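Asks: Hey, dropping my_file_35.cif in here, mmCIF, C-alpha atoms:
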```
data_data
#
loop_
_atom_site.group_PDB
_atom_site.id
_atom_site.type_symbol
_atom_site.label_atom_id
_atom_site.label_comp_id
_atom_site.auth_asym_id
_atom_site.auth_seq_id
_atom_site.Cartn_x
_atom_site.Cartn_y
_atom_site.Cartn_z
ATOM 1 C CA MET F 1 -18.385 1.896 -33.261
ATOM 2 C CA LEU F 2 -14.827 1.199 -32.183
ATOM 3 C CA ILE F 3 -13.454 -2.306 -32.147
ATOM 4 C CA ARG F 4 -10.811 -3.062 -29.541
ATOM 5 C CA THR F 5 -7.939 -5.282 -30.355
ATOM 6 C CA LYS F 6 -6.259 -7.514 -27.818
ATOM 7 C CA SER F 7 -3.128 -5.358 -27.825
ATOM 8 C CA GLN F 8 -4.989 -2.276 -26.532
ATOM 9 C CA LYS F 9 -6.410 -3.898 -23.390
ATOM 10 C CA PRO F 10 -3.129 -4.719 -21.543
ATOM 11 C CA LYS F 11 -1.809 -1.203 -22.175
ATOM 12 C CA ALA F 12 -4.875 0.325 -20.554
ATOM 13 C CA LYS F 13 -4.578 -2.026 -17.559
ATOM 14 C CA ARG F 14 -0.884 -1.232 -17.185
ATOM 15 C CA CYS F 15 -1.614 2.494 -17.293
ATOM 16 C CA ASN F 16 -4.333 2.137 -14.652
ATOM 17 C CA ILE F 17 -2.018 0.140 -12.394
ATOM 18 C CA LEU F 18 0.748 2.721 -12.784
ATOM 19 C CA ILE F 19 -1.638 5.534 -11.913
ATOM 20 C CA LEU F 20 -2.845 3.666 -8.805
ATOM 21 C CA LEU F 21 0.749 2.990 -7.723
ATOM 22 C CA LEU F 22 1.625 6.655 -8.205
ATOM 23 C CA ILE F 23 -1.325 7.728 -6.066
ATOM 24 C CA ALA F 24 -0.397 5.189 -3.374
ATOM 25 C CA TYR F 25 3.222 6.392 -3.403
ATOM 26 C CA CYS F 26 2.118 9.994 -2.938
ATOM 27 C CA LEU F 27 -0.046 9.041 0.035
ATOM 28 C CA ILE F 28 2.793 7.306 1.891
ATOM 29 C CA PRO F 29 4.520 9.739 4.224
ATOM 30 C CA ILE F 30 8.277 10.056 3.882
ATOM 31 C CA ALA F 31 8.951 9.981 7.615
ATOM 32 C CA SER F 32 6.454 9.230 10.315
ATOM 33 C CA ASN F 33 6.583 9.361 14.083
ATOM 34 C CA ALA F 34 4.114 6.821 15.384
ATOM 35 C CA GLN F 35 4.787 7.076 19.094
ATOM 36 C CA CYS F 36 2.104 8.352 21.378
ATOM 37 C CA ALA F 37 3.010 11.123 23.811
ATOM 38 C CA MET F 38 3.321 8.786 26.807
ATOM 39 C CA CYS F 39 5.571 6.297 25.005
ATOM 40 C CA ARG F 40 7.779 9.118 23.760
ATOM 41 C CA ALA F 41 8.093 10.674 27.229
ATOM 42 C CA ALA F 42 8.972 7.332 28.824
ATOM 43 C CA LEU F 43 11.596 6.484 26.224
ATOM 44 C CA GLU F 44 13.158 9.961 26.066
ATOM 45 C CA SER F 45 13.536 10.179 29.825
ATOM 46 C CA GLU F 46 15.885 7.176 29.768
ATOM 47 C CA GLY F 47 18.244 8.896 27.341
ATOM 48 C CA ASN F 48 18.519 5.811 25.114
ATOM 49 C CA ASN F 49 17.692 7.097 21.632
ATOM 50 C CA ASN F 50 18.155 3.713 19.922
ATOM 51 C CA LYS F 51 15.375 2.199 22.004
ATOM 52 C CA ALA F 52 13.001 5.021 21.016
ATOM 53 C CA ILE F 53 13.787 4.491 17.325
ATOM 54 C CA ALA F 54 13.192 0.731 17.665
ATOM 55 C CA VAL F 55 9.818 1.262 19.358
ATOM 56 C CA ASN F 56 8.826 3.738 16.638
ATOM 57 C CA ASP F 57 9.768 1.255 13.907
ATOM 58 C CA GLY F 58 7.805 -1.498 15.658
ATOM 59 C CA ILE F 59 4.692 0.652 15.845
ATOM 60 C CA VAL F 60 4.899 1.512 12.143
ATOM 61 C CA TYR F 61 5.422 -2.179 11.294
ATOM 62 C CA LEU F 62 2.378 -3.242 13.325
ATOM 63 C CA MET F 63 0.305 -0.478 11.743
ATOM 64 C CA ALA F 64 1.247 -1.420 8.150
ATOM 65 C CA ILE F 65 0.428 -5.142 8.277
ATOM 66 C CA PRO F 66 -3.413 -4.801 8.357
ATOM 67 C CA TYR F 67 -3.296 -2.376 5.420
ATOM 68 C CA LEU F 68 -1.183 -4.815 3.394
ATOM 69 C CA ILE F 69 -3.560 -7.691 4.139
ATOM 70 C CA VAL F 70 -6.596 -5.652 3.084
ATOM 71 C CA GLY F 71 -4.739 -4.554 -0.052
ATOM 72 C CA PHE F 72 -3.899 -8.128 -1.052
ATOM 73 C CA VAL F 73 -7.472 -9.295 -0.441
ATOM 74 C CA GLY F 74 -8.776 -6.386 -2.525
ATOM 75 C CA PHE F 75 -6.330 -7.193 -5.317
ATOM 76 C CA PHE F 76 -7.376 -10.841 -5.436
ATOM 77 C CA ILE F 77 -11.073 -9.922 -5.458
ATOM 78 C CA TYR F 78 -10.393 -7.454 -8.279
ATOM 79 C CA ARG F 79 -8.488 -10.128 -10.206
ATOM 80 C CA MET F 80 -11.213 -12.748 -9.728
ATOM 81 C CA TYR F 81 -13.882 -10.270 -10.824
ATOM 82 C CA TYR F 82 -12.127 -9.463 -14.094
ATOM 83 C CA LYS F 83 -11.202 -13.106 -14.808
ATOM 84 C CA LYS F 84 -14.915 -13.953 -14.970
ATOM 85 C CA LYS F 85 -15.435 -11.410 -17.743
#
```
Any chance you could give the structure as structure tokens?
Replies:
Amino acid sequence: MLIRTKSQKPKAKRCNILILLLIAYCLIPIASNAQCAMCRAALESEGNNNKAIAVNDGIVYLMAIPYLIVGFVGFFIYRMYYKKK
């Protein structure tokens, strides 16, 4: 039977967190185009490329916020669960 010391537990947690961060980083696309076909056609017909880039950035920003909120809630639930033990 193995006996764990206190020094082994934080190293395992840190390794698990690093692995999860690595997986999350690999799942994030480097460049994404979030515009739908109709938005793209309307913005490209005007010839103003800066406006199209701004709309694309806004769409990505609005898409990312719900994922961040769910991630923070999941993290706090995870933390509360392991504090009880």
Asks: By how many Å are CA of Ala52 (chain F) and CA of Ile28 (chain F) apart?
Replies: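 According to the coordinates, CA of Ala52 (chain F) and CA of Ile28 (chain F) are separated by 21.8 Å.
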Asks: Extract, using only C-alpha atoms, all DNA, RNA and protein residues at most 12 Å from region 65-81 of chain F, discarding same-chain residues fewer than 3 positions from it, and format them as a PDB file with C-alpha atoms, in the frame of the given file.
Replies:
```pdb
ATOM      1  CA  LYS F  13      -4.578  -2.026 -17.559  1.00  0.00           C
ATOM      2  CA  ILE F  17      -2.018   0.140 -12.394  1.00  0.00           C
ATOM      3  CA  LEU F  20      -2.845   3.666  -8.805  1.00  0.00           C
ATOM      4  CA  ALA F  24      -0.397   5.189  -3.374  1.00  0.00           C
ATOM      5  CA  ILE F  28       2.793   7.306   1.891  1.00  0.00           C
ATOM      6  CA  GLY F  58       7.805  -1.498  15.658  1.00  0.00           C
ATOM      7  CA  ILE F  59       4.692   0.652  15.845  1.00  0.00           C
ATOM      8  CA  VAL F  60       4.899   1.512  12.143  1.00  0.00           C
ATOM      9  CA  TYR F  61       5.422  -2.179  11.294  1.00  0.00           C
ATOM     10  CA  LEU F  62       2.378  -3.242  13.325  1.00  0.00           C
ATOM     11  CA  LYS F  84     -14.915 -13.953 -14.970  1.00  0.00           C
ATOM     12  CA  LYS F  85     -15.435 -11.410 -17.743  1.00  0.00           C
TER      13      LYS F  85
END
```
Asks: Once 3 Å is added on each side, what are the centre and the three edge lengths, in Å to one decimal, of the axis-aligned box enclosing the listed atoms of region 48-60 of chain F? Present them as JSON.
Replies:
```
{"center_x": 11.6, "center_y": 2.8, "center_z": 18.6, "size_x": 19.8, "size_y": 14.6, "size_z": 19.0}
```
Asks: Just give me the gap between CA of Ala42 (chain F) and CA of Met63 (chain F) in Å, one decimal is fine.
Replies: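 The value is 20.7 Å.
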Asks: Tell me, in Å to one decimal, how far CA of Val55 (chain F) is from CA of Ile23 (chain F).
Replies: 28.5 Å
